[in-house]
Amino acid sequence: MSSINIVVCAEKTEYKVAVKNKIVNDELSIIGYADFQPESKMRIQGFVPDVVVTPEFLTFVEDINLGSFGCSAIIMTDKVTVDLVNNAAQSGIRRVMNVNIGNEEFLNTVKSIVGNEKKLNQNFNVAKKVRSRVYAFFSGKGGVGKTTICTNTAVYLATLGKKVLLVDLDLQFGDADMALDLNPSETIVDLARDTNGISIDNLSSCCCTHASGLSVLASPSSPELAEYIQSNHTKAIIDVARNYYEYLDCGCALTDPVITALESSDDIFMVNDVNILSLKRAKLCQNVLSQINQQDKVKLIINKNVKKNNVKISDYENLLGIDAYAVISSDLKTVNSSLNSGQPLITYKPRAVIAKDISSFANKLIMEREGTLTAGTKKKKAFGKKK
């Protein structure tokens, strides 16, 4: 059984910590935090939690319309009163409980509420919305193939009918649009400078569409324009997009706005090729991600893998302490040919080994998101043997 996903909505850090301390096993999981600002309503919807825990603020929670996507609300406070319980019931709050409730009782109460919500949804044919996934493709070294893997993964998902948005967050030298032979009339800068704010309509109008159906939000057209993109812009883009796309792929270079994107992502794919410089940079990147408490999201991708190399996959795994999530074969000829033709290699030469490696990687993402990836599949070396 998958864990019950919780979003904690509160202003005070002490309250968020108190709720976090109630969770003592894998049956419950906090997937995000929010405050009571208007933009947080969109953020909470994007998380698609099973439960929202909050100290009160009934009107705020009521306005989110949690029931529309199969979510329950719980008030946990040290000021439980009869009026609060009655008002909560009228507003659709499933339970009011004391903040000092024991961990075991909290677990059982949440499980009971979620179970009842599922039965209620089945009776009224309410389909539980599946949370979108945000993938950040990140590297501390240029030329490792981050753009190739990111764009081709996004195209492959789109060709399967998935609703995918590719956001190029390499704000100074991003070239995802060129790799896909697109000529965007607007970029992420136009979206950030829109006086009407970042909404799904404005986001859609600034995207260009690839033949596969993939939506692409291009990086600034010139390096000096990168300064217009701030952390609040990347946060807002991801929060808005989560509600409308199944998958968000973000190609990242380390800047303050990108750190915010990394914090908002579900998985950070650290892309490396097999050479000593890349190995050194991988460890430095891991240290940086640890400093911003994102180390648990990191998954290792080894690109340009060849049979004979002084630097081996096991060197990365031993140094970083994590197994390779995916291994992509080296095929410079196919990559260059696809780039020069303006076609993603995943559709240009789908039978090439590198295309099969990327499609296997993308299929693994789908199985993880849909909950069909078994323990046996996780352990299987689906991307070739270690060298």
# chains A, B, ... in the order shown; residues from 1 in each chain; ligands from 1
>>> residues_around(residues="A:Cys207", least_positions_apart="5", cutoff="7 Å", atoms="only C-alpha atoms", output="number ranges by chain")
A: 215-217
>>> write_last_selection(atoms="all heavy atoms", output="compact mmCIF listing (two decimals), in the first residue's frame")
# COMPACT_ATOMS: atom_id res chain seq x y z
N SER A 215 4.83 20.63 -24.75
CA SER A 215 4.86 22.08 -24.57
C SER A 215 6.24 22.48 -24.05
O SER A 215 6.78 21.83 -23.15
CB SER A 215 3.79 22.53 -23.57
OG SER A 215 2.49 22.25 -24.06
N VAL A 216 6.80 23.54 -24.62
CA VAL A 216 8.16 23.97 -24.27
C VAL A 216 8.15 25.44 -23.88
O VAL A 216 7.69 26.29 -24.64
CB VAL A 216 9.14 23.75 -25.43
CG1 VAL A 216 10.55 24.23 -25.03
CG2 VAL A 216 9.18 22.29 -25.84
N LEU A 217 8.64 25.72 -22.66
CA LEU A 217 8.85 27.10 -22.23
C LEU A 217 10.35 27.36 -22.35
O LEU A 217 11.15 26.84 -21.57
CB LEU A 217 8.38 27.30 -20.79
CG LEU A 217 8.50 28.73 -20.24
CD1 LEU A 217 7.66 29.70 -21.07
CD2 LEU A 217 8.08 28.78 -18.77
>>> select_by_dssp(residues="stretch 100-175 of chain A", states="strand (DSSP E or B)", output="PDB file with N, CA and C atoms, in the first residue's frame")
ATOM      1  N   ARG A 133       4.396  15.002 -11.711  1.00  0.00           N
ATOM      2  CA  ARG A 133       5.767  14.799 -11.269  1.00  0.00           C
ATOM      3  C   ARG A 133       6.666  15.851 -11.904  1.00  0.00           C
ATOM      4  N   VAL A 134       7.531  16.420 -11.103  1.00  0.00           N
ATOM      5  CA  VAL A 134       8.472  17.430 -11.585  1.00  0.00           C
ATOM      6  C   VAL A 134       9.878  16.842 -11.517  1.00  0.00           C
ATOM      7  N   TYR A 135      10.530  16.762 -12.675  1.00  0.00           N
ATOM      8  CA  TYR A 135      11.873  16.205 -12.769  1.00  0.00           C
ATOM      9  C   TYR A 135      12.857  17.314 -13.110  1.00  0.00           C
ATOM     10  N   ALA A 136      13.906  17.436 -12.318  1.00  0.00           N
ATOM     11  CA  ALA A 136      14.969  18.399 -12.601  1.00  0.00           C
ATOM     12  C   ALA A 136      16.188  17.641 -13.113  1.00  0.00           C
ATOM     13  N   PHE A 137      16.654  17.994 -14.293  1.00  0.00           N
ATOM     14  CA  PHE A 137      17.862  17.406 -14.871  1.00  0.00           C
ATOM     15  C   PHE A 137      19.005  18.384 -14.625  1.00  0.00           C
ATOM     16  N   PHE A 138      19.968  17.938 -13.859  1.00  0.00           N
ATOM     17  CA  PHE A 138      20.947  18.856 -13.298  1.00  0.00           C
ATOM     18  C   PHE A 138      22.355  18.287 -13.445  1.00  0.00           C
ATOM     19  N   VAL A 164       2.884  16.931 -21.114  1.00  0.00           N
ATOM     20  CA  VAL A 164       4.230  17.218 -20.617  1.00  0.00           C
ATOM     21  C   VAL A 164       4.617  18.661 -20.908  1.00  0.00           C
ATOM     22  N   LEU A 165       5.253  19.291 -19.940  1.00  0.00           N
ATOM     23  CA  LEU A 165       5.812  20.632 -20.108  1.00  0.00           C
ATOM     24  C   LEU A 165       7.313  20.560 -19.857  1.00  0.00           C
ATOM     25  N   LEU A 166       8.083  21.066 -20.800  1.00  0.00           N
ATOM     26  CA  LEU A 166       9.534  21.174 -20.653  1.00  0.00           C
ATOM     27  C   LEU A 166       9.887  22.629 -20.392  1.00  0.00           C
ATOM     28  N   VAL A 167      10.489  22.898 -19.248  1.00  0.00           N
ATOM     29  CA  VAL A 167      10.895  24.254 -18.886  1.00  0.00           C
ATOM     30  C   VAL A 167      12.421  24.316 -18.921  1.00  0.00           C
ATOM     31  N   ASP A 168      12.958  25.129 -19.790  1.00  0.00           N
ATOM     32  CA  ASP A 168      14.413  25.257 -19.914  1.00  0.00           C
ATOM     33  C   ASP A 168      14.893  26.296 -18.903  1.00  0.00           C
ATOM     34  N   LEU A 169      15.461  25.808 -17.794  1.00  0.00           N
ATOM     35  CA  LEU A 169      15.938  26.695 -16.738  1.00  0.00           C
ATOM     36  C   LEU A 169      17.446  26.899 -16.770  1.00  0.00           C
TER      37      LEU A 169
END
>>> residues_around(residues="A:Ser359", least_positions_apart="3", cutoff="9 Å", atoms="only C-alpha atoms", output="number ranges by chain")
A: 152-153, 156-157, 346, 350, 354-356, 362-364
>>> write_last_selection(atoms="all heavy atoms", output="mmCIF file, in the first residue's frame")
data_model
loop_
_atom_site.group_PDB
_atom_site.id
_atom_site.type_symbol
_atom_site.label_atom_id
_atom_site.label_comp_id
_atom_site.auth_asym_id
_atom_site.auth_seq_id
_atom_site.Cartn_x
_atom_site.Cartn_y
_atom_site.Cartn_z
ATOM 1 N N ASN A 152 14.672 14.516 -24.936
ATOM 2 C CA ASN A 152 14.195 13.258 -25.518
ATOM 3 C C ASN A 152 13.268 12.506 -24.573
ATOM 4 O O ASN A 152 12.326 11.850 -25.018
ATOM 5 C CB ASN A 152 15.379 12.386 -25.933
ATOM 6 C CG ASN A 152 15.956 12.786 -27.270
ATOM 7 O OD1 ASN A 152 15.473 12.380 -28.318
ATOM 8 N ND2 ASN A 152 16.992 13.614 -27.242
ATOM 9 N N THR A 153 13.524 12.610 -23.286
ATOM 10 C CA THR A 153 12.602 12.017 -22.309
ATOM 11 C C THR A 153 11.241 12.689 -22.403
ATOM 12 O O THR A 153 10.194 12.028 -22.405
ATOM 13 C CB THR A 153 13.167 12.152 -20.886
ATOM 14 O OG1 THR A 153 14.402 11.454 -20.787
ATOM 15 C CG2 THR A 153 12.194 11.588 -19.862
ATOM 16 N N TYR A 156 9.460 11.645 -25.625
ATOM 17 C CA TYR A 156 8.974 10.267 -25.533
ATOM 18 C C TYR A 156 7.679 10.205 -24.718
ATOM 19 O O TYR A 156 6.706 9.554 -25.125
ATOM 20 C CB TYR A 156 10.029 9.363 -24.912
ATOM 21 C CG TYR A 156 9.599 7.916 -24.803
ATOM 22 C CD1 TYR A 156 9.667 7.062 -25.901
ATOM 23 C CD2 TYR A 156 9.094 7.409 -23.612
ATOM 24 C CE1 TYR A 156 9.254 5.745 -25.813
ATOM 25 C CE2 TYR A 156 8.687 6.094 -23.506
ATOM 26 C CZ TYR A 156 8.761 5.260 -24.614
ATOM 27 O OH TYR A 156 8.335 3.952 -24.512
ATOM 28 N N LEU A 157 7.648 10.885 -23.580
ATOM 29 C CA LEU A 157 6.438 10.899 -22.755
ATOM 30 C C LEU A 157 5.269 11.511 -23.526
ATOM 31 O O LEU A 157 4.134 11.025 -23.448
ATOM 32 C CB LEU A 157 6.697 11.687 -21.466
ATOM 33 C CG LEU A 157 7.676 11.064 -20.467
ATOM 34 C CD1 LEU A 157 7.995 12.054 -19.352
ATOM 35 C CD2 LEU A 157 7.110 9.775 -19.878
ATOM 36 N N ILE A 346 14.882 10.137 -30.215
ATOM 37 C CA ILE A 346 13.911 9.143 -29.781
ATOM 38 C C ILE A 346 12.915 8.808 -30.893
ATOM 39 O O ILE A 346 12.363 7.708 -30.956
ATOM 40 C CB ILE A 346 13.169 9.632 -28.507
ATOM 41 C CG1 ILE A 346 12.642 8.445 -27.692
ATOM 42 C CG2 ILE A 346 12.057 10.595 -28.816
ATOM 43 C CD1 ILE A 346 13.690 7.725 -26.917
ATOM 44 N N PRO A 350 14.628 5.501 -33.503
ATOM 45 C CA PRO A 350 14.110 4.823 -32.306
ATOM 46 C C PRO A 350 14.738 3.466 -32.030
ATOM 47 O O PRO A 350 14.663 2.968 -30.911
ATOM 48 C CB PRO A 350 12.611 4.694 -32.606
ATOM 49 C CG PRO A 350 12.508 4.755 -34.102
ATOM 50 C CD PRO A 350 13.591 5.686 -34.533
ATOM 51 N N ILE A 354 20.930 4.044 -27.913
ATOM 52 C CA ILE A 354 20.746 5.202 -27.041
ATOM 53 C C ILE A 354 19.271 5.584 -26.935
ATOM 54 O O ILE A 354 18.785 5.953 -25.862
ATOM 55 C CB ILE A 354 21.587 6.406 -27.533
ATOM 56 C CG1 ILE A 354 21.460 7.567 -26.543
ATOM 57 C CG2 ILE A 354 21.194 6.838 -28.938
ATOM 58 C CD1 ILE A 354 22.389 8.721 -26.862
ATOM 59 N N ALA A 355 18.523 5.470 -28.025
ATOM 60 C CA ALA A 355 17.089 5.761 -28.001
ATOM 61 C C ALA A 355 16.348 4.757 -27.118
ATOM 62 O O ALA A 355 15.434 5.118 -26.360
ATOM 63 C CB ALA A 355 16.517 5.751 -29.417
ATOM 64 N N LYS A 356 16.752 3.498 -27.206
ATOM 65 C CA LYS A 356 16.122 2.469 -26.376
ATOM 66 C C LYS A 356 16.438 2.694 -24.893
ATOM 67 O O LYS A 356 15.593 2.466 -24.030
ATOM 68 C CB LYS A 356 16.589 1.085 -26.817
ATOM 69 C CG LYS A 356 16.068 0.675 -28.195
ATOM 70 C CD LYS A 356 16.566 -0.702 -28.599
ATOM 71 C CE LYS A 356 16.016 -1.111 -29.967
ATOM 72 N NZ LYS A 356 16.506 -2.447 -30.391
ATOM 73 N N ALA A 362 12.421 6.522 -19.479
ATOM 74 C CA ALA A 362 11.116 7.192 -19.415
ATOM 75 C C ALA A 362 10.023 6.233 -18.961
ATOM 76 O O ALA A 362 9.129 6.608 -18.187
ATOM 77 C CB ALA A 362 10.772 7.794 -20.780
ATOM 78 N N ASN A 363 10.074 4.999 -19.439
ATOM 79 C CA ASN A 363 9.078 4.006 -19.015
ATOM 80 C C ASN A 363 9.187 3.716 -17.527
ATOM 81 O O ASN A 363 8.175 3.465 -16.849
ATOM 82 C CB ASN A 363 9.246 2.714 -19.820
ATOM 83 C CG ASN A 363 8.683 2.836 -21.221
ATOM 84 O OD1 ASN A 363 7.673 3.490 -21.446
ATOM 85 N ND2 ASN A 363 9.339 2.212 -22.196
ATOM 86 N N LYS A 364 10.403 3.738 -17.020
ATOM 87 C CA LYS A 364 10.607 3.543 -15.590
ATOM 88 C C LYS A 364 9.954 4.680 -14.796
ATOM 89 O O LYS A 364 9.348 4.453 -13.745
ATOM 90 C CB LYS A 364 12.103 3.471 -15.286
ATOM 91 C CG LYS A 364 12.439 3.092 -13.850
ATOM 92 C CD LYS A 364 13.942 2.920 -13.677
ATOM 93 C CE LYS A 364 14.309 2.525 -12.259
ATOM 94 N NZ LYS A 364 15.769 2.358 -12.083
#
>>> closest_residue(among="A:Met178, A:Val144, A:Cys9, A:Ala324", to="A:Thr54", atoms="only C-alpha atoms")
A:Cys9
>>> closest_residue(among="A:Ser341, A:Asn86, A:Ser72, A:Ser139", to="A:Gly115", atoms="only C-alpha atoms")
A:Ser72
>>> closest_residue(among="A:Ser91, A:Ser29, A:Ser112, A:Ser278", to="A:Asp315", atoms="only C-alpha atoms")
A:Ser278
>>> atom_distance(atom1="atom CA of A:Ser205", atom2="atom CA of A:Ala236")
15.7 Å
>>> residues_around(residues="A:Asp296", least_positions_apart="5", cutoff="9 Å", atoms="only C-alpha atoms", output="list in words")
Asp267, Ile268 and Ser290 of chain A
>>> write_last_selection(atoms="N, CA and C atoms", output="PDB file, in the first residue's frame")
ATOM      1  N   ASP A 267      12.045  14.793  -8.191  1.00  0.00           N
ATOM      2  CA  ASP A 267      13.274  14.032  -8.402  1.00  0.00           C
ATOM      3  C   ASP A 267      14.312  14.930  -9.065  1.00  0.00           C
ATOM      4  N   ILE A 268      15.561  14.805  -8.636  1.00  0.00           N
ATOM      5  CA  ILE A 268      16.657  15.537  -9.248  1.00  0.00           C
ATOM      6  C   ILE A 268      17.583  14.522  -9.908  1.00  0.00           C
ATOM      7  N   SER A 290      23.093  18.711  -0.765  1.00  0.00           N
ATOM      8  CA  SER A 290      22.943  18.352   0.651  1.00  0.00           C
ATOM      9  C   SER A 290      22.791  19.605   1.506  1.00  0.00           C
TER      10      SER A 290
END
>>> residues_around(residues="A:Gln90", least_positions_apart="4", cutoff="12 Å", atoms="only C-alpha atoms", output="MDAnalysis selection string")
chainID A and resid 58:59 62 83:86 94:95
